[in-house]
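**Q** Structure provided below as structure tokens; questions to follow.
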Amino acid sequence: MAATIPPLTQVWADRWQSRPGFISLLFGVVLPLITLIYELATHACASMMFDPIPTPLHVILVALVPAANLFVWWTLRDTLRRPKLLAFANGMAIGVAAFYSLLFIPILPAATIGIIFFGLGLLPWAPAFSLTAAIVLRVHLTRAADREQRSFATWPGLVCALLTLIAIELPNTTTAIGLKMATSESVPEQSRGVRLLRAVGDDDLLLRYCYFRTGRGDLLGVLMNISSVTPTGAREVYYRVTGEPFSAKPVPAPARSRGWWGDGFDSDQGTDVVGGQLPGLSLASSRLDGSLDAGAALGYVEWTLVMKNNSQMPREARAQVALPPGAVVSRLTLWVNGEEREAAFAARGQVTQAYRAVVQQRRDPVLVTTAGTDRIAVQMFPVPADGEMKVRIGMTVPLELDHLRQASLQLPYFHERNFAVGEDFKHFVWIEAKAPLSHGQLRSQSAPGGAQALQMQLTDRQLMALDTAVTMSRDRLDASWSHDAPAGNEIVKQTLQAVTASTPSRLVVVVDSSASVASSAQQIAEVVSRLPTEPELFLIVADDAQDMNVLRAPTTPRDAAASIRDYNFVGGQDNTLALSKALDLLTKPDGALIWIHGAQPVVLQTTASIEQRFERRGQVQWYDVQVAPGPNRIGENLDGLARIRTMSLSKLQSLITRWRSGGSDIVVRREKIAGPAPASEVGQTSDHLARLWAHEEVQRLLYDERDSRAAAVELAHRYRLVTPVTGAVVLETQQQYDAAGLTPVPEGTVPSIPEPEEWALLAIAVAVILYSLRRRQVGHVVA
């Protein structure tokens with residue numbers, strides 16, 4: 001009898017019942033291995049769309065799926081061996097594959113469309129295929145065990161996989177939950193979210209959310225329906241949790257590896273937001289040159305910066321720069337194709353519009369505007385790919401006088417920047433004056449022309465040392481004068497007068513309880529303890545956890561200092577409501593507000609109440625003491641509205657000493673006088689004195705006369721100053737200036753600092769002229 005051939009379906013059924021076949025190998029091993037290789041090559045893992053970062057444990061678990069499937073598939077091709085180990089491996093594969101299958105469900109429809117129309121999209125299906133293959137292998141494993149009458153259990157592996165995944169994802173989920181709570185509309189909910197993040201949040205993951213919109217990157221997040229949070233919201237929360245600006249930290253490594261961030265898109269480009277540090281963008285060179293006149297208590301400082309871009313895309317360099325107290329920017333220069341181009345000074349809105357228009361054309365502008373009292377915002381674009389960009393910022397500076405025999409200069413430094421400055425990077429500093437100079441332990445040396453030169457190489461951290469300044473002795477010269485070129489036949493006269501320090505009748509001290517202030521807490525307490533006992537003293541500690549502020553009033557300097565020493569400085573605190581309360585307490589005209597704080601990178605509450613108080617009640621004595629570098633958004637919002645005096649903690653201590661002892665304050669008066677210059681050159685100084693007068697007059701128009709904004713703009717434009725109502729911009733071509741309605745400063749009329757070589761040449765020229773005159777006189781005598 002002829003043998004009957006079984007149907008094809010029967011053959012496949014026999015193979016199915018006997019051992020796993022090629023389909024299980026393809027979907028359970030090959031495709032997951034391809035997925036794993038792709039994940040390792042691109043750092044994508046499950047975050048191609050979602051948030052988790054691929055840790056080594058993530059990679060091991062993902063690799064476990066094809067490894068376990070291959071192990072079970074290979075073992076089942078022969079007799080059943082070690083069934084418990086096989087069952088455990090199969091359970092782990094099922095657990096991990098099920099987790100990622102659920103994770104990728106939202107993008108499976110798009111992947112299916114990609115497969116149908118483009119032949120792409122298998123990778124998102126890899127977890128589902130792996131899960132299917134693992135379940136098929138589970139069936140084969142069960143049948144093999146039944147044939148050999150052996151028992152096993154898959155659930156231990158499944159439970160182990162799920163517990164491991166939960167342990168890995170729990171920090172991500174906790175951070176996502178806390179972030180969502182901290183950005184809710186409810187203030188109590190925000191406070192609970194911030195406390196949760198401070199206790200158990202992942203700061204590194206929170207930093208990453210400052211650059212990427214959050215998604216649903218973990219199973220618990222999916223199940224709890226955690227919605228997305230924008231980078232702007234994450235940046236505010238990062239400050240509240242850590243007390244630091246997010247931009248103070250380098251860009252997270254996973255962000256740098258993404259092409260759209262590492263070499264492409266900069267969401268803050270062309271805006272007034274400094275943003276995070278851009279990969280590849282760094283400070284290549286920095287030099288500070290200064291010329292000081294100790295007698296007239298003024299000077300001029302130029303900061304020349306060279307930016308370098310190692311990325312493959314043009315970048316915009318942005319920074320906030322701290323100016324010396326009372327200083328004003330009076331020059332801005334950009335090098336274009338090796339040639340110097342000077343800035344145009346005009347109304348703030350006009351120069352900002354011109355800058356943004358040129359940025360859109362990807363040409364060469366640089367923009368400088370004020371960003372609060374004694375600080376400026378600098379924007380430079382483009383720093384070319386694999387190229388450099390060079391700018392120079394000139395500052396007219398009044399020297400600080402604690403008494404008539406000594407003057408000091410606080411050097412400029414960065415408050416915030418989106419470029420890197422290496423730990424060992426050096427700023428080259430050269431300051432000249434007729435009087436001896438010192439900076440810490442360094443002393444000046446003799447220079448050509450009878451000057452004294454102080455040469456230093458400072459790290460960025462040393463440059464930011466708030467209690468270190470360039471100091472110099474000065475002869476007692478009570479009056480100085482200079483020509484006022486923009487006004488024609490007029491001069492500006494300056495007088496210095498020592499008057500008895502006036503102690504305020506009421507003092508309100510606002511102390512920021514952010515973590516960035518903690519390192520200065522003991523020093524702050526020591527300074528507060530020395531406050532005079534006669535005035536009424538109020539202490540307000542800005543603290544979110546205590547209804548936004550803690551009011552201790554009235555109190556004594558000793559008790560206030562004890563409260564500061566014992567306080568818990570944590571996270572980033574909102575200071576807005578505390579400052580509003582402080583202004584309400586300043587009901588006496590001779591009261592004073594002392595605000596001691598760290599960086600304020602975000603405005604958590606609107607400053608409208610503070611602005612309203614200034615508009616309705618006028619100016620108050622406001623001393624701003626920032627103990628840690630960083631942006632001050634509250635100060636930015638009050639730019640041009642509130643007259644604020646910035647100082648370091650050591651300068652505040654000196655002021656308090658004068659209050660206690662009845663010491664003298666140095667009052668500087670500058671006034672414009674019509675008529676010819678004095679016949680004597682005694683007291684004559686540079687035309688920077690006229691610029692300081694103009695800067696002071698602009699402030700008077702803004703702060704004391706409510707309807708004089710147009711006059712302030714005109715005056716600042718005439719003297720070419722960067723003020724709250726004017727800015728400076730350098731464009732590449734004259735056509736761009738014409739299109740923006742701007743006129744650049746003519747060459748030869750900008751302030752400058754003679755190079756050391758120029759001093760030598762001037763000295764030689766003077767010597768030659770004197771020698772020629774002497775020989776001519778001798779010749780006349782002989783004749």
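Labels for the structure tokens follow display order: chains A, B, ..., residues from 1 in each chain, ligands from 1.
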Apply DSSP to the backbone of this structure and, from region 406-563 of chain A, keep only the residues in strand (DSSP E); write these as a ChimeraX atom specification.

**A** /A:406-409,413-417,427-433,437-439,442-443,445-447,451-458,470-473,479-483,490-500,506-512,536-543,548-555

**Q** Can you pull out the residues contacting Asn489 (chain A)? Cut-off 8 Å, using only C-alpha atoms, and skip same-chain residues under 2 positions away; I want them as a list in words.

**A**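 Answer for this query is His483, Asp484, Ala485, Ala487, Ile491, Ala674, Gly675 and Pro676 of chain A.
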
**Q** Find, counting only C-alpha atoms, the residue in A:Gly280, A:Gly372, A:Pro486, A:Gly193 that gets nearest to Ala690 (chain A).

**A**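 Ranking A:Gly280, A:Gly372, A:Pro486, A:Gly193 by distance to Ala690 (chain A), first place goes to A:Pro486.
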
**Q** From a DSSP pass on the backbone, collect the residues of region 263-506 of chain A flagged as alpha helix (DSSP H) and hand them back as a list in words.

**A** Arg348, Gly349, Gln350, Val351, Thr352, Gln353, Ala354, Tyr355, Arg356, Ala357, Val358, Val359, Gln360, Asp460, Arg461, Gln462 and Leu463 of chain A

**Q** Quick one: residues within 7 Å of Glu400 (chain A), only C-alpha atoms, excluding same-chain residues fewer than 4 positions away - as a list in words?

**A**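 Using only C-alpha atoms, the neighbours found are Ala407, Ser408 and Leu409 of chain A.
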
**Q** Grab the residues selected above and save them as a PDB file, in the first residue's frame with N, CA, C and O atoms.

**A**
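What landed in selection11.pdb:
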```
ATOM      1  N   ALA A 407      40.713 104.556  46.638  1.00  0.00           N
ATOM      2  CA  ALA A 407      39.672 104.235  45.654  1.00  0.00           C
ATOM      3  C   ALA A 407      39.792 102.765  45.276  1.00  0.00           C
ATOM      4  O   ALA A 407      40.862 102.157  45.409  1.00  0.00           O
ATOM      5  N   SER A 408      38.689 102.188  44.815  1.00  0.00           N
ATOM      6  CA  SER A 408      38.702 100.770  44.447  1.00  0.00           C
ATOM      7  C   SER A 408      37.860 100.533  43.203  1.00  0.00           C
ATOM      8  O   SER A 408      36.944 101.301  42.894  1.00  0.00           O
ATOM      9  N   LEU A 409      38.178  99.448  42.511  1.00  0.00           N
ATOM     10  CA  LEU A 409      37.472  99.046  41.287  1.00  0.00           C
ATOM     11  C   LEU A 409      37.147  97.568  41.367  1.00  0.00           C
ATOM     12  O   LEU A 409      38.043  96.727  41.531  1.00  0.00           O
TER      13      LEU A 409
END
```

**Q** Would you kindly return, as number ranges by chain, each protein, DNA or RNA residue with an atom no farther than 8 Å from any atom of Arg208 (chain A), considering only C-alpha atoms and excluding same-chain residues fewer than 2 positions away?

**A** A: 204-206, 210-212, 251-252, 255

**Q** What are the closest atom pairs, with distances in Å to one decimal, for each residue of region 571-664 of chain A lying within 8 Å of region 512-526 of chain A, using only C-alpha atoms, rows by chain and rising residue number, as JSON lines?

**A**
```
{"residue": "A:Gly571", "atom": "CA", "partner": "A:Ala515", "partner_atom": "CA", "distance": 5.0}
{"residue": "A:Gly572", "atom": "CA", "partner": "A:Ser514", "partner_atom": "CA", "distance": 4.6}
{"residue": "A:Gln573", "atom": "CA", "partner": "A:Ser514", "partner_atom": "CA", "distance": 5.2}
{"residue": "A:Asn575", "atom": "CA", "partner": "A:Asp512", "partner_atom": "CA", "distance": 6.6}
{"residue": "A:Trp595", "atom": "CA", "partner": "A:Asp512", "partner_atom": "CA", "distance": 7.9}
{"residue": "A:Ile596", "atom": "CA", "partner": "A:Asp512", "partner_atom": "CA", "distance": 6.3}
{"residue": "A:His597", "atom": "CA", "partner": "A:Asp512", "partner_atom": "CA", "distance": 4.7}
{"residue": "A:Gly598", "atom": "CA", "partner": "A:Val517", "partner_atom": "CA", "distance": 5.5}
{"residue": "A:Ala599", "atom": "CA", "partner": "A:Ser516", "partner_atom": "CA", "distance": 7.4}
{"residue": "A:Val627", "atom": "CA", "partner": "A:Val517", "partner_atom": "CA", "distance": 6.7}
{"residue": "A:Ala628", "atom": "CA", "partner": "A:Ser516", "partner_atom": "CA", "distance": 6.6}
{"residue": "A:Leu649", "atom": "CA", "partner": "A:Ile524", "partner_atom": "CA", "distance": 7.6}
```

**Q** Generate the output file for the selected residues, N, CA, C and O atoms, as a CSV table (one decimal), in the first residue's frame.

**A**
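File produced: again36.csv:
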```csv
chain,number,residue,atom,x,y,z
A,571,GLY,N,16.9,74.8,48.7
A,571,GLY,CA,16.2,75.0,47.4
A,571,GLY,C,16.4,76.4,46.9
A,571,GLY,O,17.3,77.2,47.3
A,572,GLY,N,15.4,76.8,46.1
A,572,GLY,CA,15.4,78.2,45.5
A,572,GLY,C,14.1,78.8,46.0
A,572,GLY,O,13.0,78.3,45.8
A,573,GLN,N,14.2,80.0,46.7
A,573,GLN,CA,13.0,80.6,47.3
A,573,GLN,C,12.6,81.8,46.5
A,573,GLN,O,13.4,82.5,45.9
A,575,ASN,N,11.5,85.5,46.3
A,575,ASN,CA,11.7,86.7,47.1
A,575,ASN,C,10.7,87.8,46.8
A,575,ASN,O,10.8,88.9,47.5
A,595,TRP,N,18.6,94.1,50.8
A,595,TRP,CA,18.2,92.8,50.3
A,595,TRP,C,19.5,91.9,50.1
A,595,TRP,O,20.3,92.3,49.2
A,596,ILE,N,19.6,90.9,50.8
A,596,ILE,CA,20.7,90.0,50.7
A,596,ILE,C,20.2,88.6,50.1
A,596,ILE,O,19.4,88.0,50.7
A,597,HIS,N,20.8,88.3,49.0
A,597,HIS,CA,20.2,87.2,48.2
A,597,HIS,C,21.2,86.4,47.4
A,597,HIS,O,22.4,86.9,47.1
A,598,GLY,N,20.8,85.3,46.9
A,598,GLY,CA,21.6,84.6,45.9
A,598,GLY,C,21.0,84.8,44.5
A,598,GLY,O,20.3,85.8,44.3
A,599,ALA,N,21.3,84.0,43.5
A,599,ALA,CA,20.8,84.1,42.2
A,599,ALA,C,19.3,84.0,42.2
A,599,ALA,O,18.7,83.3,42.9
A,627,VAL,N,25.2,87.6,47.0
A,627,VAL,CA,26.3,86.9,47.6
A,627,VAL,C,26.8,85.7,46.7
A,627,VAL,O,27.8,85.1,47.0
A,628,ALA,N,26.0,85.4,45.7
A,628,ALA,CA,26.4,84.3,44.7
A,628,ALA,C,26.1,84.8,43.3
A,628,ALA,O,25.0,85.3,43.1
A,649,LEU,N,29.1,92.2,50.1
A,649,LEU,CA,28.9,92.0,51.5
A,649,LEU,C,29.9,92.8,52.3
A,649,LEU,O,29.6,93.4,53.4
```

**Q** Name the closest residue to Ala126 (chain A) among the candidates A:Gln626, A:Thr242, A:Ser101, A:Thr726; distances are taken between atoms, counting only C-alpha atoms.

**A** A:Ser101

**Q** Determine, counting only C-alpha atoms, which protein, DNA and RNA residues have an atom within 9 Å of an atom of Asp478 (chain A); residues of the same chain fewer than 6 positions away are not included. Present the result as a PyMOL selection string.

**A** chain A and resi 295-296+404+494-497+683
